[in-house]
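Reading through the structure tokens given below for one structure.
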Amino acid sequence: MTPTLTPPPTEAPSAGERCDRCGAAAKVRAVLPGGGDLVFCGHHGQKYAKDLEKVAVSILRAED
């Protein structure tokens, strides 16, 4: 069986997405080199910003 690759997300989190850490409304998406992504609320996005900038391919923020 051949694996199917899904392209990494290129948009900021949508209104229905929730923070991977606490479940609040997602405001930040960090796209990882392996193609996965993490979404965080504004609080956790800011808390982890320095670490995310070191490893993420891109960081996308939702507009308020």
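Identifiers in the structure tokens: chain A, B, ... in order shown; residue index from 1 per chain; ligand index from 1 in order shown.
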Select from chain A everything DSSP, run on the backbone, classes as alpha helix (DSSP H), then give the selection as a PyMOL selection string. chain A and resi 42-47+49-55
Residues at most 6 Å from region 27-44 of chain A, counting only C-alpha atoms, excluding those fewer than 2 positions away in the same chain, as a PDB file with all heavy atoms, in the first residue's frame?
```pdb
ATOM      1  N   PRO A   8       0.785  20.281   4.066  1.00  0.00           N
ATOM      2  CA  PRO A   8       0.651  20.994   5.339  1.00  0.00           C
ATOM      3  C   PRO A   8      -0.365  22.127   5.223  1.00  0.00           C
ATOM      4  O   PRO A   8      -0.577  22.677   4.144  1.00  0.00           O
ATOM      5  CB  PRO A   8       2.053  21.547   5.602  1.00  0.00           C
ATOM      6  CG  PRO A   8       2.728  21.547   4.280  1.00  0.00           C
ATOM      7  CD  PRO A   8       2.088  20.458   3.467  1.00  0.00           C
ATOM      8  N   ALA A  12      -4.507  30.090   8.743  1.00  0.00           N
ATOM      9  CA  ALA A  12      -4.609  30.271  10.194  1.00  0.00           C
ATOM     10  C   ALA A  12      -5.741  29.388  10.714  1.00  0.00           C
ATOM     11  O   ALA A  12      -6.584  28.939   9.942  1.00  0.00           O
ATOM     12  CB  ALA A  12      -4.882  31.736  10.503  1.00  0.00           C
ATOM     13  N   PRO A  13      -5.779  29.121  12.008  1.00  0.00           N
ATOM     14  CA  PRO A  13      -6.842  28.278  12.560  1.00  0.00           C
ATOM     15  C   PRO A  13      -8.233  28.833  12.256  1.00  0.00           C
ATOM     16  O   PRO A  13      -8.448  30.042  12.252  1.00  0.00           O
ATOM     17  CB  PRO A  13      -6.583  28.314  14.064  1.00  0.00           C
ATOM     18  CG  PRO A  13      -5.166  28.723  14.216  1.00  0.00           C
ATOM     19  CD  PRO A  13      -4.849  29.576  13.026  1.00  0.00           C
ATOM     20  N   CYS A  19      -7.501  24.851  20.912  1.00  0.00           N
ATOM     21  CA  CYS A  19      -6.115  24.787  21.373  1.00  0.00           C
ATOM     22  C   CYS A  19      -5.748  23.346  21.742  1.00  0.00           C
ATOM     23  O   CYS A  19      -6.504  22.663  22.443  1.00  0.00           O
ATOM     24  CB  CYS A  19      -5.950  25.707  22.584  1.00  0.00           C
ATOM     25  SG  CYS A  19      -4.305  25.685  23.344  1.00  0.00           S
ATOM     26  N   ASP A  20      -4.594  22.882  21.268  1.00  0.00           N
ATOM     27  CA  ASP A  20      -4.130  21.536  21.592  1.00  0.00           C
ATOM     28  C   ASP A  20      -3.752  21.403  23.065  1.00  0.00           C
ATOM     29  O   ASP A  20      -3.653  20.298  23.578  1.00  0.00           O
ATOM     30  CB  ASP A  20      -2.920  21.168  20.728  1.00  0.00           C
ATOM     31  CG  ASP A  20      -3.283  20.904  19.277  1.00  0.00           C
ATOM     32  OD1 ASP A  20      -4.447  20.538  19.015  1.00  0.00           O
ATOM     33  OD2 ASP A  20      -2.401  21.047  18.409  1.00  0.00           O
ATOM     34  N   ALA A  24      -9.249  25.956  24.436  1.00  0.00           N
ATOM     35  CA  ALA A  24      -9.814  27.270  24.105  1.00  0.00           C
ATOM     36  C   ALA A  24      -9.774  27.464  22.584  1.00  0.00           C
ATOM     37  O   ALA A  24      -9.154  26.681  21.863  1.00  0.00           O
ATOM     38  CB  ALA A  24      -9.017  28.374  24.798  1.00  0.00           C
ATOM     39  N   ALA A  25     -10.423  28.498  22.088  1.00  0.00           N
ATOM     40  CA  ALA A  25     -10.432  28.780  20.656  1.00  0.00           C
ATOM     41  C   ALA A  25      -9.004  28.980  20.145  1.00  0.00           C
ATOM     42  O   ALA A  25      -8.216  29.728  20.724  1.00  0.00           O
ATOM     43  CB  ALA A  25     -11.268  30.022  20.369  1.00  0.00           C
ATOM     44  N   GLN A  46       1.525  32.474  22.695  1.00  0.00           N
ATOM     45  CA  GLN A  46       2.519  33.426  23.185  1.00  0.00           C
ATOM     46  C   GLN A  46       3.499  32.753  24.143  1.00  0.00           C
ATOM     47  O   GLN A  46       4.694  32.996  24.090  1.00  0.00           O
ATOM     48  CB  GLN A  46       1.828  34.593  23.877  1.00  0.00           C
ATOM     49  CG  GLN A  46       2.776  35.696  24.296  1.00  0.00           C
ATOM     50  CD  GLN A  46       2.046  36.917  24.831  1.00  0.00           C
ATOM     51  OE1 GLN A  46       0.825  36.967  24.866  1.00  0.00           O
ATOM     52  NE2 GLN A  46       2.798  37.910  25.233  1.00  0.00           N
ATOM     53  N   LYS A  47       2.988  31.884  24.997  1.00  0.00           N
ATOM     54  CA  LYS A  47       3.832  31.189  25.975  1.00  0.00           C
ATOM     55  C   LYS A  47       4.910  30.350  25.282  1.00  0.00           C
ATOM     56  O   LYS A  47       6.047  30.295  25.737  1.00  0.00           O
ATOM     57  CB  LYS A  47       2.960  30.296  26.857  1.00  0.00           C
ATOM     58  CG  LYS A  47       3.726  29.537  27.910  1.00  0.00           C
ATOM     59  CD  LYS A  47       2.785  28.744  28.797  1.00  0.00           C
ATOM     60  CE  LYS A  47       3.565  27.974  29.852  1.00  0.00           C
ATOM     61  NZ  LYS A  47       2.670  27.232  30.758  1.00  0.00           N
ATOM     62  N   ALA A  56       9.295  25.394  13.986  1.00  0.00           N
ATOM     63  CA  ALA A  56       8.196  25.444  13.020  1.00  0.00           C
ATOM     64  C   ALA A  56       8.672  25.925  11.650  1.00  0.00           C
ATOM     65  O   ALA A  56       9.552  26.774  11.548  1.00  0.00           O
ATOM     66  CB  ALA A  56       7.095  26.366  13.521  1.00  0.00           C
ATOM     67  N   VAL A  57       8.056  25.380  10.608  1.00  0.00           N
ATOM     68  CA  VAL A  57       8.301  25.829   9.240  1.00  0.00           C
ATOM     69  C   VAL A  57       7.619  27.173   9.041  1.00  0.00           C
ATOM     70  O   VAL A  57       8.163  28.069   8.413  1.00  0.00           O
ATOM     71  CB  VAL A  57       7.759  24.796   8.225  1.00  0.00           C
ATOM     72  CG1 VAL A  57       7.835  25.314   6.810  1.00  0.00           C
ATOM     73  CG2 VAL A  57       8.502  23.483   8.373  1.00  0.00           C
ATOM     74  N   SER A  58       6.404  27.308   9.587  1.00  0.00           N
ATOM     75  CA  SER A  58       5.693  28.581   9.546  1.00  0.00           C
ATOM     76  C   SER A  58       4.754  28.670  10.738  1.00  0.00           C
ATOM     77  O   SER A  58       4.345  27.661  11.301  1.00  0.00           O
ATOM     78  CB  SER A  58       4.906  28.751   8.239  1.00  0.00           C
ATOM     79  OG  SER A  58       3.881  27.791   8.153  1.00  0.00           O
ATOM     80  N   ILE A  59       4.449  29.897  11.116  1.00  0.00           N
ATOM     81  CA  ILE A  59       3.512  30.164  12.210  1.00  0.00           C
ATOM     82  C   ILE A  59       2.448  31.102  11.648  1.00  0.00           C
ATOM     83  O   ILE A  59       2.767  32.179  11.149  1.00  0.00           O
ATOM     84  CB  ILE A  59       4.222  30.783  13.427  1.00  0.00           C
ATOM     85  CG1 ILE A  59       5.272  29.793  13.966  1.00  0.00           C
ATOM     86  CG2 ILE A  59       3.208  31.157  14.492  1.00  0.00           C
ATOM     87  CD1 ILE A  59       6.119  30.334  15.087  1.00  0.00           C
ATOM     88  N   LEU A  60       1.210  30.656  11.720  1.00  0.00           N
ATOM     89  CA  LEU A  60       0.093  31.401  11.164  1.00  0.00           C
ATOM     90  C   LEU A  60      -0.813  31.852  12.298  1.00  0.00           C
ATOM     91  O   LEU A  60      -1.155  31.056  13.173  1.00  0.00           O
ATOM     92  CB  LEU A  60      -0.683  30.529  10.181  1.00  0.00           C
ATOM     93  CG  LEU A  60       0.178  29.881   9.100  1.00  0.00           C
ATOM     94  CD1 LEU A  60      -0.543  28.708   8.477  1.00  0.00           C
ATOM     95  CD2 LEU A  60       0.562  30.892   8.069  1.00  0.00           C
ATOM     96  N   ARG A  61      -1.217  33.108  12.282  1.00  0.00           N
ATOM     97  CA  ARG A  61      -2.064  33.652  13.342  1.00  0.00           C
ATOM     98  C   ARG A  61      -3.427  34.059  12.780  1.00  0.00           C
ATOM     99  O   ARG A  61      -3.497  34.656  11.704  1.00  0.00           O
ATOM    100  CB  ARG A  61      -1.383  34.845  13.995  1.00  0.00           C
ATOM    101  CG  ARG A  61      -0.165  34.420  14.806  1.00  0.00           C
ATOM    102  CD  ARG A  61       0.594  35.609  15.386  1.00  0.00           C
ATOM    103  NE  ARG A  61       1.631  35.190  16.282  1.00  0.00           N
ATOM    104  CZ  ARG A  61       2.810  34.697  15.918  1.00  0.00           C
ATOM    105  NH1 ARG A  61       3.086  34.566  14.638  1.00  0.00           N
ATOM    106  NH2 ARG A  61       3.713  34.348  16.804  1.00  0.00           N
ATOM    107  N   ALA A  62      -4.462  33.738  13.527  1.00  0.00           N
ATOM    108  CA  ALA A  62      -5.821  34.130  13.139  1.00  0.00           C
ATOM    109  C   ALA A  62      -6.004  35.607  13.417  1.00  0.00           C
ATOM    110  O   ALA A  62      -5.507  36.136  14.404  1.00  0.00           O
ATOM    111  CB  ALA A  62      -6.851  33.318  13.905  1.00  0.00           C
TER     112      ALA A  62
END
```
Can you tell me, as a list in words, which residues in chain A count as strand (DSSP E or B) by DSSP?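 Those in chain A that DSSP calls strand (DSSP E or B) are Arg18, Ala25, Val28, Arg29, Ala30, Val31, Asp37, Leu38, Val39, Phe40, Ser58, Ile59, Leu60 and Arg61 of chain A.
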Those residues with C-alpha atoms, as a short mmCIF file (atom, residue, chain, number, x, y, z; two decimals), in the first residue's frame please?
```cif
data_model
loop_
_atom_site.label_atom_id
_atom_site.label_comp_id
_atom_site.auth_asym_id
_atom_site.auth_seq_id
_atom_site.Cartn_x
_atom_site.Cartn_y
_atom_site.Cartn_z
CA ARG A 18 -9.44 24.34 19.57
CA ALA A 25 -10.43 28.78 20.66
CA VAL A 28 -2.09 30.23 16.30
CA ARG A 29 -1.10 27.37 13.97
CA ALA A 30 2.50 26.13 13.94
CA VAL A 31 3.33 24.01 10.88
CA ASP A 37 0.72 21.12 12.83
CA LEU A 38 -0.11 22.33 16.31
CA VAL A 39 -2.81 24.86 17.16
CA PHE A 40 -2.83 27.02 20.26
CA SER A 58 5.69 28.58 9.55
CA ILE A 59 3.51 30.16 12.21
CA LEU A 60 0.09 31.40 11.16
CA ARG A 61 -2.06 33.65 13.34
#
```
For a test of reading the model, state the distance in Å between CA of Ser14 (chain A) and CA of Lys54 (chain A), rounded to one decimal.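 One can read the CA of Ser14 (chain A) to CA of Lys54 (chain A) distance as 24.0 Å.
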